[in-house]
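Below is one structure; the comments refer to it alone.
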Amino acid sequence: MFKYKKQQNEGYARAGIIQTPHGEIQTPAFIPVATQATVKTLTVEELKESGSQAVLANTYHLFLSPGSDVISKFGGFGPFMNWNGPTFTDSGGYQVSFLWEPQKGILQKSDRAASVKITDEGATFKSHRDGTAHILTPEKSMEIQAALGADIIMAFDQPLSGNTTEKRQDEAFLRTLKWEERSFIRWEEIQKNREKFQALYGIVQGEIDPKKRIESLQFVLKLNFPGIAIGGASIGSNPDITRAALQTIVNLFPDDKPIHALGLGGGPEGILNAVSLGIDTFDNTSVTRMARTGLIFLFPEDGGNIKNKFRVDIRKFSPDDNSSISKICVCTTCKKYSRAYLRHLIVNDELLGGRLLSIHNVAYMNTFMSLVRSSILNKSFENFQKQWVGR
RNA sequence: GCUGAGGUGGUGGAGCGGUCAAUCACAACAGACUGUAAAUCUGUCGUCCGAAAGGGCUACGUAGGUUCAAAUCCUGCCCUCAGCA
């Protein structure tokens with residue numbers, strides 16, 4: 001009950017369909033992040049109206065609260081949050097590995113020693129909520145993700161930021177391979193007794209080192225994971241680095257398995273880049289985060305270009321600008337509210353501002369992805385890309 | 001009119017002899033935002049020169065005074081607020 005079907009391709013860019021027990025995902029697609037079983041500020045109805053096909057929640061957060069036992073009573077985080085479409089969960093590896101110093105995304109050595117200890121067995125850490133000690137292992141991550149009930153789940157890995165020592169990175173790289181294998185074994189056992197199949201994605205690490213990326217991908221292919229996720233700091237908001245990372249392995253991507261980019265940030269410029277290098281789905285927190293801080297995405301028709309990264313701060317508009325933020329966007333925010341009003345809400349920290357802008361940004365991203373998809377199906381992706389970013 | 005409290009940068013509000021161009025907060029402006037401890041975070045914020053280090057100038061109601069040195073002490077005046085007439 002899980003399948004990826006490639007429909008068309010243009011170069012490495014591909015359009016396809018992922019079938020899951022909770023419906024299809026037409027790719028390439030943006031997967032909004034619902035870390036704590038909510039895409040921040042948005043209702044499920046708004047998510048759907050904005051064209052979202054699936055959501056991604058987090059093992060780490062939901063394990064700590066409300067707990068996997070609570071979620072399993074609801075039949076998974078999808079039913080819990082009233083989302084009946086396809087779902088993803090991340091394994092929690094990312095959180096326990098290096099998200100303990102939020103703004104920098106990297107844990108100070110001293111803090112790391114204090115809050116999380118990673119051994120081959122797993123990660124022992126203290127909850128950011130109440131300081132209680134917990135351990136997460138590949139096996140446990142699989143068990144929690146089974147309880148969370150997503151259609152697509154991730155292997156437990158240990159990503160590391162680039163600014164650590166080579167020795168540490170090598171350690172994490174090798175450890176991740178072992179953890180992925182353990183994830184796979186436990187996942188296979190669990191699936192035997194499950195009604196609804198969950199597809200486990202193996203995670204490819206190795207940053208921009210071709211040797212490591214290839215080794216990592218070949219390992220994932222050999223174990224025969226149903227899907228492939230590309231992880232690491234190099235899959236981020238810098239299109240050039242993302243390109244360098246993906247170029248090392250794009251020619252090895254199989255036609256019958258979906259490729260997910262974990263945490264592909266930024267806007268259209270980076271996404272086109274990633275799609276042109278074989279990415280089918282990606283999750284991204286900045287689409288909604290930027291909305292909450294007042295940044296809206298712009299279509300080229302509204303002045304979006306590679307120079308302004310297809311975005312503008314709503315504060316830049318005149319306080320009495322009576323026009324909508326987009327001439328062509330069909331989202332509720334653009335249909336019903338003026339720039340002046342949205343600006344007013346954001347300037348005055350009104351919650352509705354972040355919400356209305358989130359509706360727009362999510363709709364924008366979904367619209368954009370559907371245009372990307374059409375262009376691949378029409379074999380005009382290269383043209384489309386040129387129109388948007390001029391190359 | 002009397003008594004008391006007070007007048008500080010765009011705002012609120014610290015400071016009560018030198019370390020003060022003046023804590024802090026807010027606003028404003030600029031920037032960042034990767035598998036979300038993000039409705040968050042960072043920077044600038046009297047003015048002039050400088051890339052910076054640094055330096056000049058003007059400032060704590062107003063006019064004087066004391067002092068080597070005053071936003072800080074003293075005196076007059078103006079104004080605000082509270083209480084009493």
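So you can find residues: chains in the structure tokens are A, B, ... in the order shown, residues in each start at 1, and ligands are numbered from 1 in order.
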#### Entry: Residues within 6 Å of A:Ala54, only C-alpha atoms (C1' of nucleotides), excluding chain neighbours under 2 positions, as number ranges by chain
A: 31, 52, 85-87
Tell me, counting only C-alpha atoms (C1' of nucleotides), for each residue of stretch 125-187 of chain A within 10 Å of stretch 24-43 of chain B, which pair of atoms is nearest and how far apart they are in Å to one decimal, in rows ordered by chain and increasing number, as a Markdown table.
| residue | atom | partner | partner_atom | distance |
| --- | --- | --- | --- | --- |
| A:Ser127 | CA | B:A37 | C1' | 9.4 |
| A:His128 | CA | B:A37 | C1' | 6.1 |
| A:Arg129 | CA | B:A37 | C1' | 7.5 |
| A:Met154 | CA | B:G35 | C1' | 9.4 |
| A:Pro159 | CA | B:G35 | C1' | 9.6 |
What would the file look like if the residues just selected were written as an mmCIF file, in the first residue's frame with N, CA and C atoms?
data_model
loop_
_atom_site.group_PDB
_atom_site.id
_atom_site.type_symbol
_atom_site.label_atom_id
_atom_site.label_comp_id
_atom_site.auth_asym_id
_atom_site.auth_seq_id
_atom_site.Cartn_x
_atom_site.Cartn_y
_atom_site.Cartn_z
ATOM 1 N N SER A 127 14.792 16.326 28.513
ATOM 2 C CA SER A 127 13.698 17.023 27.853
ATOM 3 C C SER A 127 13.858 18.531 27.978
ATOM 4 N N HIS A 128 13.614 19.232 26.880
ATOM 5 C CA HIS A 128 13.685 20.698 26.940
ATOM 6 C C HIS A 128 12.502 21.261 27.707
ATOM 7 N N ARG A 129 11.474 20.427 27.932
ATOM 8 C CA ARG A 129 10.272 20.931 28.581
ATOM 9 C C ARG A 129 10.410 20.919 30.099
ATOM 10 N N MET A 154 10.826 8.072 9.297
ATOM 11 C CA MET A 154 12.251 8.232 9.016
ATOM 12 C C MET A 154 13.099 7.327 9.896
ATOM 13 N N PRO A 159 22.514 13.395 12.479
ATOM 14 C CA PRO A 159 23.110 14.432 11.634
ATOM 15 C C PRO A 159 24.040 15.279 12.484
#
### Query
Once you count only C-alpha atoms (C1' of nucleotides), which residues of chain A turn out to be within 8 Å of chain B? Could you give them as a ChimeraX atom specification?
/A:33,35,90,94,100,102-103,128-129,231,233,235-237,262-265,283-286,289-290,292-293,349,351,354
### Task
Could you tell me, as a count of residues only, which residues of stretch 84-319 of chain A DSSP assigns to strand (DSSP E) when given the backbone?
41
### Residues within 10 Å of stretch 67-71 of chain B, only C-alpha atoms (C1' of nucleotides), excluding chain neighbours under 6 positions, as a list in words
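With the cut-off at 10 Å, the set is U8, G15, C16, G17, G18, C20, A22, A59 and C60 of chain B.
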How would the residues just picked look written out with N, CA and C atoms (P, O5', C5', C4', C3', O3' and C1' of nucleotides) as a short mmCIF file (atom, residue, chain, number, x, y, z; two decimals), in the first residue's frame?
data_model
loop_
_atom_site.label_atom_id
_atom_site.label_comp_id
_atom_site.auth_asym_id
_atom_site.auth_seq_id
_atom_site.Cartn_x
_atom_site.Cartn_y
_atom_site.Cartn_z
P U B 8 11.27 64.79 31.32
"O5'" U B 8 12.83 64.56 31.32
"C5'" U B 8 13.70 65.44 30.60
"C4'" U B 8 15.02 64.77 30.38
"C3'" U B 8 15.00 63.58 29.42
"O3'" U B 8 15.14 64.01 28.07
"C1'" U B 8 16.18 63.00 31.39
P G B 15 17.17 55.45 40.33
"O5'" G B 15 18.59 56.01 39.87
"C5'" G B 15 19.65 55.08 39.62
"C4'" G B 15 20.71 55.73 38.77
"C3'" G B 15 21.35 56.96 39.39
"O3'" G B 15 22.49 56.53 40.11
"C1'" G B 15 20.79 57.36 37.09
P C B 16 22.76 57.09 41.59
"O5'" C B 16 22.87 58.65 41.32
"C5'" C B 16 24.00 59.42 41.70
"C4'" C B 16 23.45 60.73 42.17
"C3'" C B 16 23.02 60.73 43.65
"O3'" C B 16 23.86 61.64 44.39
"C1'" C B 16 21.24 61.49 42.19
P G B 17 25.23 61.20 44.81
"O5'" G B 17 25.93 61.95 43.59
"C5'" G B 17 27.14 62.55 43.76
"C4'" G B 17 27.57 63.04 42.43
"C3'" G B 17 28.83 62.35 41.95
"O3'" G B 17 28.70 62.08 40.56
"C1'" G B 17 29.11 64.70 42.01
P G B 18 29.27 60.51 40.23
"O5'" G B 18 30.43 60.75 39.19
"C5'" G B 18 30.18 61.40 37.95
"C4'" G B 18 31.50 61.80 37.37
"C3'" G B 18 32.29 60.69 36.69
"O3'" G B 18 32.28 61.00 35.31
"C1'" G B 18 33.68 62.03 38.07
P C B 20 29.94 55.41 32.58
"O5'" C B 20 29.20 56.52 31.73
"C5'" C B 20 29.82 57.14 30.58
"C4'" C B 20 29.07 58.42 30.28
"C3'" C B 20 29.60 59.64 31.02
"O3'" C B 20 29.91 60.72 30.15
"C1'" C B 20 27.26 59.33 31.41
P A B 22 27.41 56.50 26.39
"O5'" A B 22 26.46 56.71 27.63
"C5'" A B 22 25.10 56.36 27.54
"C4'" A B 22 24.48 56.57 28.88
"C3'" A B 22 22.97 56.28 28.91
"O3'" A B 22 22.77 54.92 29.28
"C1'" A B 22 23.41 58.43 29.81
P A B 59 24.35 72.51 24.66
"O5'" A B 59 23.18 71.46 24.55
"C5'" A B 59 22.63 70.98 25.74
"C4'" A B 59 21.82 69.74 25.48
"C3'" A B 59 21.53 69.02 26.79
"O3'" A B 59 20.37 69.56 27.36
"C1'" A B 59 22.46 67.50 25.26
P C B 60 20.50 70.29 28.82
"O5'" C B 60 19.61 69.31 29.70
"C5'" C B 60 19.23 68.12 29.12
"C4'" C B 60 18.25 67.35 29.96
"C3'" C B 60 18.18 67.73 31.44
"O3'" C B 60 16.85 67.60 31.91
"C1'" C B 60 19.14 65.55 31.18
#
### Task
Would you kindly return, as a ChimeraX atom specification, each protein, DNA or RNA residue with an atom no farther than 10 Å from any atom of A:Gln205, considering only C-alpha atoms (C1' of nucleotides) and excluding same-chain residues fewer than 3 positions away?
/A:157-160,172-174,176-177,202,208-209,212-217,229-235,245
Would you mind exporting the chosen residues as a PDB file, in the first residue's frame, restricted to N, CA and C atoms?
ATOM      1  N   ASP A 157      18.688   8.744  12.866  1.00  0.00           N
ATOM      2  CA  ASP A 157      20.034   9.073  12.402  1.00  0.00           C
ATOM      3  C   ASP A 157      20.691  10.086  13.328  1.00  0.00           C
ATOM      4  N   GLN A 158      21.941  10.357  13.067  1.00  0.00           N
ATOM      5  CA  GLN A 158      22.641  11.395  13.810  1.00  0.00           C
ATOM      6  C   GLN A 158      23.266  12.393  12.843  1.00  0.00           C
ATOM      7  N   PRO A 159      22.514  13.395  12.479  1.00  0.00           N
ATOM      8  CA  PRO A 159      23.110  14.432  11.634  1.00  0.00           C
ATOM      9  C   PRO A 159      24.040  15.279  12.484  1.00  0.00           C
ATOM     10  N   LEU A 160      25.029  15.864  11.854  1.00  0.00           N
ATOM     11  CA  LEU A 160      25.937  16.755  12.581  1.00  0.00           C
ATOM     12  C   LEU A 160      26.149  18.015  11.771  1.00  0.00           C
ATOM     13  N   ALA A 172      29.763  10.091  13.566  1.00  0.00           N
ATOM     14  CA  ALA A 172      28.315  10.233  13.374  1.00  0.00           C
ATOM     15  C   ALA A 172      27.883   9.553  12.084  1.00  0.00           C
ATOM     16  N   PHE A 173      28.709   9.673  11.070  1.00  0.00           N
ATOM     17  CA  PHE A 173      28.395   9.072   9.777  1.00  0.00           C
ATOM     18  C   PHE A 173      28.285   7.552   9.888  1.00  0.00           C
ATOM     19  N   LEU A 174      29.297   6.967  10.518  1.00  0.00           N
ATOM     20  CA  LEU A 174      29.300   5.513  10.667  1.00  0.00           C
ATOM     21  C   LEU A 174      28.200   5.037  11.604  1.00  0.00           C
ATOM     22  N   THR A 176      25.377   6.471  12.076  1.00  0.00           N
ATOM     23  CA  THR A 176      24.100   6.585  11.379  1.00  0.00           C
ATOM     24  C   THR A 176      23.833   5.352  10.527  1.00  0.00           C
ATOM     25  N   LEU A 177      24.875   4.841   9.882  1.00  0.00           N
ATOM     26  CA  LEU A 177      24.687   3.630   9.077  1.00  0.00           C
ATOM     27  C   LEU A 177      24.190   2.479   9.961  1.00  0.00           C
ATOM     28  N   GLY A 202      15.159   5.554   4.441  1.00  0.00           N
ATOM     29  CA  GLY A 202      16.546   5.606   4.895  1.00  0.00           C
ATOM     30  C   GLY A 202      17.084   7.005   4.647  1.00  0.00           C
ATOM     31  N   ILE A 208      28.645  17.277   1.456  1.00  0.00           N
ATOM     32  CA  ILE A 208      28.997  17.468   0.050  1.00  0.00           C
ATOM     33  C   ILE A 208      30.178  16.582  -0.376  1.00  0.00           C
ATOM     34  N   ASP A 209      30.487  15.623   0.477  1.00  0.00           N
ATOM     35  CA  ASP A 209      31.572  14.694   0.166  1.00  0.00           C
ATOM     36  C   ASP A 209      31.019  13.569  -0.718  1.00  0.00           C
ATOM     37  N   LYS A 212      31.252   9.932   0.631  1.00  0.00           N
ATOM     38  CA  LYS A 212      30.358   9.617   1.742  1.00  0.00           C
ATOM     39  C   LYS A 212      28.900   9.583   1.304  1.00  0.00           C
ATOM     40  N   ARG A 213      28.512  10.544   0.481  1.00  0.00           N
ATOM     41  CA  ARG A 213      27.125  10.561   0.007  1.00  0.00           C
ATOM     42  C   ARG A 213      26.799   9.271  -0.732  1.00  0.00           C
ATOM     43  N   ILE A 214      27.718   8.875  -1.585  1.00  0.00           N
ATOM     44  CA  ILE A 214      27.473   7.672  -2.392  1.00  0.00           C
ATOM     45  C   ILE A 214      27.429   6.433  -1.503  1.00  0.00           C
ATOM     46  N   GLU A 215      28.380   6.361  -0.578  1.00  0.00           N
ATOM     47  CA  GLU A 215      28.409   5.221   0.344  1.00  0.00           C
ATOM     48  C   GLU A 215      27.095   5.140   1.123  1.00  0.00           C
ATOM     49  N   SER A 216      26.652   6.294   1.587  1.00  0.00           N
ATOM     50  CA  SER A 216      25.433   6.355   2.379  1.00  0.00           C
ATOM     51  C   SER A 216      24.216   5.941   1.555  1.00  0.00           C
ATOM     52  N   LEU A 217      24.132   6.474   0.341  1.00  0.00           N
ATOM     53  CA  LEU A 217      22.994   6.130  -0.510  1.00  0.00           C
ATOM     54  C   LEU A 217      23.013   4.641  -0.877  1.00  0.00           C
ATOM     55  N   ALA A 229      15.523   9.560   2.055  1.00  0.00           N
ATOM     56  CA  ALA A 229      15.537  10.953   2.494  1.00  0.00           C
ATOM     57  C   ALA A 229      16.964  11.454   2.465  1.00  0.00           C
ATOM     58  N   ILE A 230      17.110  12.694   2.039  1.00  0.00           N
ATOM     59  CA  ILE A 230      18.443  13.286   2.001  1.00  0.00           C
ATOM     60  C   ILE A 230      18.546  14.253   3.178  1.00  0.00           C
ATOM     61  N   GLY A 231      19.521  14.007   4.033  1.00  0.00           N
ATOM     62  CA  GLY A 231      19.641  14.832   5.230  1.00  0.00           C
ATOM     63  C   GLY A 231      20.954  15.580   5.288  1.00  0.00           C
ATOM     64  N   GLY A 232      21.157  16.225   6.411  1.00  0.00           N
ATOM     65  CA  GLY A 232      22.409  16.934   6.638  1.00  0.00           C
ATOM     66  C   GLY A 232      22.281  18.430   6.491  1.00  0.00           C
ATOM     67  N   ALA A 233      23.278  19.120   7.010  1.00  0.00           N
ATOM     68  CA  ALA A 233      23.245  20.581   7.002  1.00  0.00           C
ATOM     69  C   ALA A 233      23.321  21.153   5.590  1.00  0.00           C
ATOM     70  N   SER A 234      23.866  20.369   4.666  1.00  0.00           N
ATOM     71  CA  SER A 234      24.021  20.906   3.308  1.00  0.00           C
ATOM     72  C   SER A 234      22.694  20.948   2.548  1.00  0.00           C
ATOM     73  N   ILE A 235      21.674  20.238   3.080  1.00  0.00           N
ATOM     74  CA  ILE A 235      20.343  20.373   2.489  1.00  0.00           C
ATOM     75  C   ILE A 235      19.654  21.485   3.259  1.00  0.00           C
ATOM     76  N   ALA A 245      25.603  19.059  -2.815  1.00  0.00           N
ATOM     77  CA  ALA A 245      25.296  17.820  -2.096  1.00  0.00           C
ATOM     78  C   ALA A 245      24.516  16.856  -2.982  1.00  0.00           C
TER      79      ALA A 245
END
### Query
At what distance in Å, to one decimal, does atom CA of A:Tyr12 lie from atom CA of A:Leu377?
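Result for atom CA of A:Leu377 versus atom CA of A:Tyr12: 12.9 Å, one decimal.
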### Task
Extract, using only C-alpha atoms (C1' of nucleotides), all DNA, RNA and protein residues at most 8 Å from A:Thr41, discarding same-chain residues fewer than 3 positions from it, and format them as a list in words.
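Neighbouring residues, sequence-local ones excluded: Thr38, Gly354, Arg355 and Ser358 of chain A.
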### Message
Give me, as a PyMOL selection string, all polymer residues having an atom no more than 7 Å from stretch 371-376 of chain A, counting only C-alpha atoms (C1' of nucleotides) and skipping those fewer than 6 positions away in the same chain.
### Response
chain A and resi 8-10+14-15+27-28+384
Restricted to N, CA and C atoms, what would the selected residues look like written as a short mmCIF file (atom, residue, chain, number, x, y, z; two decimals), in the first residue's frame?
data_model
loop_
_atom_site.label_atom_id
_atom_site.label_comp_id
_atom_site.auth_asym_id
_atom_site.auth_seq_id
_atom_site.Cartn_x
_atom_site.Cartn_y
_atom_site.Cartn_z
N GLN A 8 6.67 11.32 -15.28
CA GLN A 8 7.37 12.04 -16.34
C GLN A 8 8.68 12.57 -15.78
N ASN A 9 9.64 12.77 -16.63
CA ASN A 9 10.84 13.45 -16.15
C ASN A 9 11.42 14.35 -17.22
N GLU A 10 12.18 15.29 -16.73
CA GLU A 10 12.90 16.18 -17.65
C GLU A 10 14.27 16.37 -17.04
N ARG A 14 11.63 15.21 -11.85
CA ARG A 14 10.61 14.21 -12.13
C ARG A 14 9.28 14.55 -11.47
N ALA A 15 8.21 14.15 -12.16
CA ALA A 15 6.87 14.30 -11.61
C ALA A 15 6.35 12.90 -11.36
N THR A 27 3.69 14.63 -6.83
CA THR A 27 5.01 15.24 -6.65
C THR A 27 5.50 15.90 -7.93
N PRO A 28 6.44 16.84 -7.76
CA PRO A 28 7.10 17.30 -6.54
C PRO A 28 6.12 18.05 -5.63
N PHE A 384 10.33 26.82 -17.44
CA PHE A 384 9.72 27.32 -16.22
C PHE A 384 10.80 27.86 -15.27
#
### Task
Give me the residues within 10 Å of A:Ser276 as a list in words, counting only C-alpha atoms (C1' of nucleotides) and dropping any in the same chain fewer than 4 places off.
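Within the cut-off, the hits are Asn9, Glu10, Gly11, Tyr12, Ala13, Arg14, Arg243, Leu246, Val250, Gly270, Ile271, Leu272, Asp280, Ile376, Phe381, Glu382 and Gln385 of chain A.
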### Task
Kindly indicate which residue among A:Phe2, A:Asp170, A:Phe63, A:Gly75 lies nearest to A:Gly23, using only C-alpha atoms for the distances.
A:Phe2
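Rounded to one decimal, atom CA of A:Ser72 and atom CA of A:Leu47 lie 23.0 Å from each other.
One finds atom CA of A:Ile152 at 4.7 Å from atom CA of A:Ala199.
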#### Entry: Of the listed residues B:U44, B:G9, B:G76, B:A51, that which approaches B:A63 most closely, counting only C-alpha atoms (C1' of nucleotides)
B:G76
### Query
Pick the closest to A:Glu269 from A:Ser50, A:Ser91, A:Ser380, A:Gln387: which is it, counting only C-alpha atoms?
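Of A:Ser50, A:Ser91, A:Ser380, A:Gln387, the one nearest A:Glu269, counting only C-alpha atoms, is A:Gln387.
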